[in-house]
Amino acid sequence: MRTEDVLAAIATGLWRWDNASGTVTLDSEAARLLGLPPEHVVLPEVAVRSRFHPVDWNEINGIVNLAVAEGTLAEARLRIMDEDGRVLRTVRSRSKPVENRAPDGRVDYELIGTIQEIAEPQPGTTAVHTPITGDWRRSREAFLLDAGRALAEARSTAEVLRVAASLSMPGFSPDGLAVFGLAGDRLSIIGHHGHGPGAEGPFAQMRLDTDYPAAEVVRTGRAIYLPSPEDYKRRFPATWPLARHFGRISWAYLPLIVAGRTMGAWMAAFEHPVSFSPDERSVLTTVARMLAQALQRAGVAESERELTTGLQRSMMPQLGPEIPGMTLAARYVPTGGGLQVGGDWYDMIPLPSGRFALVIGDVQGHDVRAAGLMGQLRIAVRAYASEGHRPDAVLSRASRFLAGLCSTQDTADSASYDDADFHSPRFATCLYVECDPATGTLEVARAGHPDPVVRMTDGTVLMRSTAGGLPLGIVPDTDYPTTRFTLEPGETMMLCTDGLIETGGHDLDTGWARLRAVLETETPDDGTLDGGTLDGGGMAAGHLEKLADLLVQAVHGPSSHHTTGPLADRREDDIAVVLLCREGAGCGCGTVEAHPARPSRRTLLTVAQAEPARIAGARQQIRELLHDWADSEQVDSAVLMVSEMVTNVLVHTDGDAVLVADAVGEPGSRRLRVEVADSSDELPHKRHPGEMASSGRGVLLMEMLADAWGVDPRGEGKCIWFELREQSKPDRAPTAAPDAAPGVVPAPPVGEPAANADRERPPLNDRP
């Protein structure tokens, strides 16, 4: 009996589909099943294609491609249509793709297989109809969309593995998962789910030539499906004892392929029998491809994060060794986008003199070149400082170094880079502070950087106005003047880059207001902070670290999105901040005095002859010093008198004006004393200007606005001073200064002349 007769007896036909010639060969039974005359025939592809349901035909290509990739049979259920579009019957096709290579190197496939009719249930029977394009197919598509979205959002290998473990496949969810990674000639388990701790031990560092399904999948690039334990034991007897005790029934091992390269294998194990139909294999193959791409993306992202984190850590210094009498804290936050690298940096440099230097800077840009320039500039500044140069000399040399470095790189880069921004000139801002821990003296040189901020013992925050020059690298030979002031015991100084100020859409004014609120409100006078203890009214030992965290949280924390500024909120700048606290009463960083002195605020400012614009800074210093003064009119009076006194020094002498302002006492009863010293021996005197005169009213202003004022001759020059007593009401009676110095007379009430003023005060050379 011929084979054709046997197949015809069981309603099975033979066909051969030649993709290269576009023809299909059918035997008589296959032709009958397709609704054609029952005879051996060779038909063009289009004639046979017209007999299939359009939906089923669209799936044939995917099934065949899957079979070609896996080297398995292509199985499909197809509905046969007549000329009128009615369904004649349903057939099952089982074919083997055979590769045919043409002489020109082109690869085509030929399908050789069978077609068999499937008995469909008749109306009224209880047999279950198996849909071809029903709910299972729709649920599969929905599952793949959800899986693709979840895997695309995973940002790390751990997240990818968690997503893979949570996938619930339609109708055949695996109970155990494992992802194998390839490293050289060995496999290792990257992650697994559904197995106990330590279950990966026997499979760690497995050689590729091991008789194990995952190893064979990686070697061949083809999936392996094991529907039963018998199939596993027959194909892989050597490793079957390792898999047996897990209690699984079916296994699927699929290659993880990205861009034609096999990077590992994925195992899906089932506690129930799975036949791995073409639809099921298609789902598993699609998930494996998405999983491979997600793992590739996560690996690249983790490598970039590790690279940038290591780069920044290698460039950010440690703040040791400890400094007697002072405490340091620092934070660095990279920009949120791209490679998360930038040009901000800070440093603490021990100096040969026993002092130390604090440096903070910002190189233009947020790219790899900015980070590279930052590292080179930081090393140069440290080298210049370690040689013992003064702050102005350190910045002058650093500016020359950066200008020469950018010029050299620009010449080299122009030959190898087309990006104009990469070989464009770069500049950097920098603030250099030389600190004497014994006295608290600070010498500051500034190159286009934000001024330092000082928080006093009572929580008042002042921006210390300092002389400065151009940013580094713009002009090679630039002078940087030095400003000196003292950090009193209990005070804290903050140095920061512009990212801390402007992030969140803020400008300089609104950004400083946001930071001022954090600095002024974070006072540990309510008990214990961070597990530290209070001693004698001081702060907890961990207060400085907590304050650094609060400053960063105010800019990048959740609450920062509710305090955005007037500009666009891009959040694209990195942040560096350094806090320096001189231990004393009210700082919480060291031993606190048993009997702290009365609260005091003190500021000092020098206005040089060549810098009259700093008079505005002097006025701002007084306003910040008296920000919580009870009487706003007194604040205006103090600002007016300070402006008058400093201006007179610049106009009528050849020296600089040194301003010292000190507010002492409890809120509501404080005393403000302001002194302006100069090098001239000429004393002011009272004048009587006419109505049209443009000068000569300085002494009159002092008499009308100050509670007390006077002139103290000194060894070289003199000091003019005034005092104001805080009062809640503008109307106040004149009071004499306690322990007034000789020649000091209380100011009379407004509108009353001073009795014997010319006799009781030294002659004054009144100034406008």
# chains A, B, ... in the order shown; residues from 1 in each chain; ligands from 1
call {"tool": "residues_around", "arguments": {"residues": "range 151-168 of chain A", "least_positions_apart": "4", "cutoff": "8 Å", "atoms": "only C-alpha atoms", "output": "ChimeraX atom specification"}}
result
/A:143,147,173-174,177,191-193,290-291,294-295,297-299,301-302
call {"tool": "select_by_dssp", "arguments": {"residues": "range 208-438 of chain A", "states": "strand (DSSP E or B)", "output": "number ranges by chain"}}
result
A: 224-226, 250-258, 261-270, 323, 326-333, 344-350, 356-363, 428-435
call {"tool": "write_last_selection", "arguments": {"atoms": "N, CA and C atoms", "output": "short mmCIF file (atom, residue, chain, number, x, y, z; two decimals), in the first residue's frame"}}
result
data_model
loop_
_atom_site.label_atom_id
_atom_site.label_comp_id
_atom_site.auth_asym_id
_atom_site.auth_seq_id
_atom_site.Cartn_x
_atom_site.Cartn_y
_atom_site.Cartn_z
N ILE A 224 15.40 25.85 23.11
CA ILE A 224 15.18 24.44 23.44
C ILE A 224 13.92 24.36 24.28
N TYR A 225 12.98 23.50 23.85
CA TYR A 225 11.73 23.29 24.57
C TYR A 225 11.69 21.84 25.06
N LEU A 226 11.44 21.68 26.34
CA LEU A 226 11.39 20.35 26.96
C LEU A 226 10.03 20.19 27.61
N SER A 250 7.86 21.11 32.87
CA SER A 250 8.22 21.56 31.52
C SER A 250 9.21 22.71 31.64
N TRP A 251 10.06 22.83 30.60
CA TRP A 251 11.09 23.87 30.59
C TRP A 251 11.21 24.48 29.20
N ALA A 252 11.49 25.76 29.18
CA ALA A 252 11.82 26.45 27.92
C ALA A 252 13.09 27.26 28.15
N TYR A 253 14.08 27.05 27.30
CA TYR A 253 15.33 27.80 27.35
C TYR A 253 15.44 28.59 26.05
N LEU A 254 15.55 29.91 26.16
CA LEU A 254 15.58 30.76 24.97
C LEU A 254 16.81 31.65 25.00
N PRO A 255 17.42 31.89 23.84
CA PRO A 255 18.61 32.76 23.80
C PRO A 255 18.21 34.23 23.97
N LEU A 256 19.08 34.98 24.61
CA LEU A 256 18.94 36.43 24.74
C LEU A 256 19.87 37.06 23.72
N ILE A 257 19.29 37.55 22.64
CA ILE A 257 20.07 38.04 21.51
C ILE A 257 19.79 39.51 21.30
N VAL A 258 20.85 40.30 21.17
CA VAL A 258 20.75 41.73 20.89
C VAL A 258 21.73 42.04 19.77
N ARG A 261 24.06 39.33 18.60
CA ARG A 261 25.02 38.77 19.56
C ARG A 261 24.27 38.13 20.71
N THR A 262 24.60 36.88 21.02
CA THR A 262 23.97 36.18 22.13
C THR A 262 24.64 36.58 23.43
N MET A 263 23.85 37.21 24.32
CA MET A 263 24.41 37.72 25.58
C MET A 263 24.05 36.85 26.77
N GLY A 264 23.26 35.77 26.54
CA GLY A 264 22.89 34.90 27.64
C GLY A 264 21.70 34.04 27.26
N ALA A 265 21.03 33.53 28.28
CA ALA A 265 19.88 32.66 28.07
C ALA A 265 18.85 32.92 29.15
N TRP A 266 17.59 32.63 28.81
CA TRP A 266 16.47 32.80 29.75
C TRP A 266 15.76 31.47 29.90
N MET A 267 15.56 31.04 31.13
CA MET A 267 14.86 29.80 31.41
C MET A 267 13.50 30.10 32.02
N ALA A 268 12.46 29.47 31.47
CA ALA A 268 11.11 29.53 32.04
C ALA A 268 10.70 28.10 32.35
N ALA A 269 10.45 27.82 33.64
CA ALA A 269 10.11 26.47 34.08
C ALA A 269 8.66 26.45 34.58
N PHE A 270 7.98 25.31 34.37
CA PHE A 270 6.56 25.19 34.68
C PHE A 270 6.32 23.97 35.56
N ILE A 323 40.08 69.51 61.77
CA ILE A 323 40.66 70.83 62.02
C ILE A 323 40.31 71.22 63.45
N MET A 326 37.22 73.66 64.43
CA MET A 326 36.35 73.89 63.28
C MET A 326 35.78 72.56 62.78
N THR A 327 34.63 72.65 62.13
CA THR A 327 33.95 71.48 61.59
C THR A 327 33.56 71.76 60.15
N LEU A 328 33.68 70.75 59.30
CA LEU A 328 33.37 70.88 57.88
C LEU A 328 32.30 69.87 57.48
N ALA A 329 31.50 70.26 56.50
CA ALA A 329 30.55 69.35 55.84
C ALA A 329 30.44 69.79 54.40
N ALA A 330 30.23 68.84 53.49
CA ALA A 330 30.15 69.17 52.06
C ALA A 330 29.21 68.19 51.38
N ARG A 331 28.63 68.65 50.27
CA ARG A 331 27.76 67.83 49.46
C ARG A 331 28.02 68.14 47.98
N TYR A 332 27.88 67.10 47.16
CA TYR A 332 27.92 67.29 45.71
C TYR A 332 26.77 66.50 45.10
N VAL A 333 25.98 67.15 44.22
CA VAL A 333 24.85 66.52 43.54
C VAL A 333 25.05 66.74 42.05
N ASP A 344 31.32 71.25 38.60
CA ASP A 344 31.39 71.74 39.98
C ASP A 344 32.36 70.90 40.79
N TRP A 345 33.05 71.57 41.71
CA TRP A 345 33.96 70.82 42.60
C TRP A 345 34.20 71.63 43.86
N TYR A 346 34.74 70.95 44.86
CA TYR A 346 35.19 71.60 46.09
C TYR A 346 36.45 70.88 46.55
N ASP A 347 37.19 71.53 47.45
CA ASP A 347 38.44 70.93 47.92
C ASP A 347 38.80 71.56 49.26
N MET A 348 39.52 70.80 50.09
CA MET A 348 40.10 71.29 51.33
C MET A 348 41.59 71.00 51.28
N ILE A 349 42.42 72.04 51.38
CA ILE A 349 43.86 71.92 51.14
C ILE A 349 44.63 72.34 52.39
N PRO A 350 45.35 71.42 53.03
CA PRO A 350 46.25 71.83 54.12
C PRO A 350 47.39 72.68 53.55
N PHE A 356 44.59 76.24 56.47
CA PHE A 356 44.03 75.39 55.43
C PHE A 356 43.22 76.27 54.49
N ALA A 357 42.98 75.77 53.29
CA ALA A 357 42.24 76.51 52.28
C ALA A 357 41.00 75.72 51.87
N LEU A 358 39.91 76.43 51.69
CA LEU A 358 38.69 75.87 51.12
C LEU A 358 38.52 76.43 49.72
N VAL A 359 38.26 75.55 48.77
CA VAL A 359 38.08 75.96 47.38
C VAL A 359 36.77 75.39 46.87
N ILE A 360 36.02 76.20 46.17
CA ILE A 360 34.81 75.73 45.50
C ILE A 360 34.76 76.41 44.14
N GLY A 361 34.38 75.67 43.11
CA GLY A 361 34.40 76.23 41.76
C GLY A 361 33.41 75.54 40.84
N ASP A 362 33.26 76.12 39.67
CA ASP A 362 32.30 75.62 38.69
C ASP A 362 32.85 75.89 37.30
N VAL A 363 33.21 74.83 36.59
CA VAL A 363 33.66 74.95 35.20
C VAL A 363 32.43 74.99 34.30
N ALA A 428 35.76 79.30 34.19
CA ALA A 428 35.37 78.69 35.47
C ALA A 428 35.28 79.78 36.52
N THR A 429 34.29 79.67 37.37
CA THR A 429 34.21 80.54 38.55
C THR A 429 34.84 79.81 39.72
N CYS A 430 35.35 80.57 40.67
CA CYS A 430 36.06 79.95 41.79
C CYS A 430 36.04 80.89 42.99
N LEU A 431 35.97 80.29 44.16
CA LEU A 431 36.08 81.02 45.42
C LEU A 431 37.12 80.32 46.27
N TYR A 432 38.15 81.08 46.67
CA TYR A 432 39.28 80.52 47.43
C TYR A 432 39.31 81.21 48.78
N VAL A 433 39.26 80.42 49.85
CA VAL A 433 39.23 80.95 51.22
C VAL A 433 40.38 80.33 51.99
N GLU A 434 41.28 81.19 52.50
CA GLU A 434 42.35 80.72 53.37
C GLU A 434 41.93 80.96 54.81
N CYS A 435 41.96 79.90 55.63
CA CYS A 435 41.40 79.94 56.98
C CYS A 435 42.49 79.74 58.02
#
call {"tool": "closest_residue", "arguments": {"among": "A:Thr478, A:Thr441, A:Thr285, A:Ser637", "to": "Arg222 in chain A", "atoms": "only C-alpha atoms"}}
result
A:Thr285
call {"tool": "closest_residue", "arguments": {"among": "A:Glu83, A:Asp707, A:Glu583, A:Asp678", "to": "Ile720 in chain A", "atoms": "only C-alpha atoms"}}
result
A:Asp678
call {"tool": "closest_atom_pairs", "arguments": {"of": "range 372-486 of chain A", "to": "range 658-672 of chain A", "cutoff": "12 Å", "atoms": "only C-alpha atoms", "output": "tab-separated table"}}
result
residue	atom	partner	partner_atom	distance
A:Met456	CA	A:Ala663	CA	11.2
A:Thr457	CA	A:Val664	CA	11.5
A:Asp458	CA	A:Glu666	CA	9.8
A:Thr460	CA	A:Ala663	CA	11.0
A:Thr483	CA	A:Val658	CA	11.6
A:Arg484	CA	A:Val658	CA	11.2
A:Phe485	CA	A:Val660	CA	10.5
A:Thr486	CA	A:Val660	CA	11.5
call {"tool": "residues_around", "arguments": {"residues": "Ala20 in chain A", "least_positions_apart": "3", "cutoff": "9 Å", "atoms": "only C-alpha atoms", "output": "JSON list (two decimals) with C-alpha atoms, in the first residue's frame"}}
result
[["chain", "number", "residue", "atom", "x", "y", "z"],
["A", 23, "THR", "CA", 4.91, 27.66, -6.62],
["A", 100, "ASN", "CA", 17.89, 26.46, -0.09],
["A", 102, "ALA", "CA", 20.93, 30.09, -4.44],
["A", 107, "VAL", "CA", 18.81, 32.16, 0.99],
["A", 108, "ASP", "CA", 15.24, 30.92, 0.40],
["A", 109, "TYR", "CA", 13.13, 28.38, 2.22],
["A", 110, "GLU", "CA", 10.98, 25.48, 1.09]]
call {"tool": "closest_residue", "arguments": {"among": "A:Val444, A:Gly504, A:Ala11, A:Arg619", "to": "Gly557 in chain A", "atoms": "only C-alpha atoms"}}
result
A:Gly504
call {"tool": "residues_around", "arguments": {"residues": "range 395-409 of chain A", "least_positions_apart": "6", "cutoff": "10 Å", "atoms": "only C-alpha atoms", "output": "PyMOL selection string"}}
result
chain A and resi 373-374+376-385+389+422-432+445-447+469-481
call {"tool": "residues_around", "arguments": {"residues": "Asp209 in chain A", "least_positions_apart": "5", "cutoff": "12 Å", "atoms": "only C-alpha atoms", "output": "list in words"}}
result
Asp185, Arg186, Leu187, Ala214, Ala215, Glu216, Val217, Val218, Arg219 and Thr220 of chain A
call {"tool": "write_last_selection", "arguments": {"atoms": "N, CA and C atoms", "output": "short mmCIF file (atom, residue, chain, number, x, y, z; two decimals), in the first residue's frame"}}
result
data_model
loop_
_atom_site.label_atom_id
_atom_site.label_comp_id
_atom_site.auth_asym_id
_atom_site.auth_seq_id
_atom_site.Cartn_x
_atom_site.Cartn_y
_atom_site.Cartn_z
N ASP A 185 33.97 32.39 28.52
CA ASP A 185 33.51 31.05 28.13
C ASP A 185 32.70 30.41 29.25
N ARG A 186 32.11 31.23 30.11
CA ARG A 186 31.35 30.68 31.23
C ARG A 186 30.00 31.38 31.36
N LEU A 187 29.04 30.63 31.90
CA LEU A 187 27.72 31.15 32.20
C LEU A 187 27.59 31.36 33.70
N ALA A 214 20.87 25.58 28.94
CA ALA A 214 21.24 26.99 28.77
C ALA A 214 22.55 27.13 28.04
N ALA A 215 23.51 26.24 28.32
CA ALA A 215 24.81 26.31 27.64
C ALA A 215 24.64 26.01 26.15
N GLU A 216 23.82 25.01 25.81
CA GLU A 216 23.61 24.70 24.40
C GLU A 216 22.87 25.83 23.68
N VAL A 217 21.94 26.47 24.36
CA VAL A 217 21.22 27.60 23.76
C VAL A 217 22.19 28.73 23.43
N VAL A 218 23.10 29.02 24.33
CA VAL A 218 24.07 30.09 24.07
C VAL A 218 25.03 29.69 22.95
N ARG A 219 25.43 28.40 22.90
CA ARG A 219 26.34 27.96 21.86
C ARG A 219 25.70 28.03 20.48
N THR A 220 24.45 27.60 20.39
CA THR A 220 23.81 27.48 19.07
C THR A 220 22.93 28.67 18.71
#
call {"tool": "select_by_dssp", "arguments": {"residues": "range 175-416 of chain A", "states": "helix (DSSP H, G or I)", "output": "ChimeraX atom specification"}}
result
/A:201-203,213-220,229-235,240-244,278-315,368-386,391-413
call {"tool": "closest_residue", "arguments": {"among": "A:Leu66, A:Ile575, A:Leu14, A:Gln621", "to": "Val41 in chain A", "atoms": "only C-alpha atoms"}}
result
A:Leu14
call {"tool": "closest_residue", "arguments": {"among": "A:Leu26, A:Leu242, A:Leu605, A:Leu351", "to": "Asp211 in chain A", "atoms": "only C-alpha atoms"}}
result
A:Leu242
call {"tool": "atom_distance", "arguments": {"atom1": "CA of Cys496 in chain A", "atom2": "CA of Ala517 in chain A"}}
result
15.8 Å
call {"tool": "closest_residue", "arguments": {"among": "A:Thr503, A:Pro229, A:Leu700, A:Ala238", "to": "His272 in chain A", "atoms": "only C-alpha atoms"}}
result
A:Pro229
call {"tool": "atom_distance", "arguments": {"atom1": "CA of Thr335 in chain A", "atom2": "CA of Glu522 in chain A"}}
result
25.9 Å
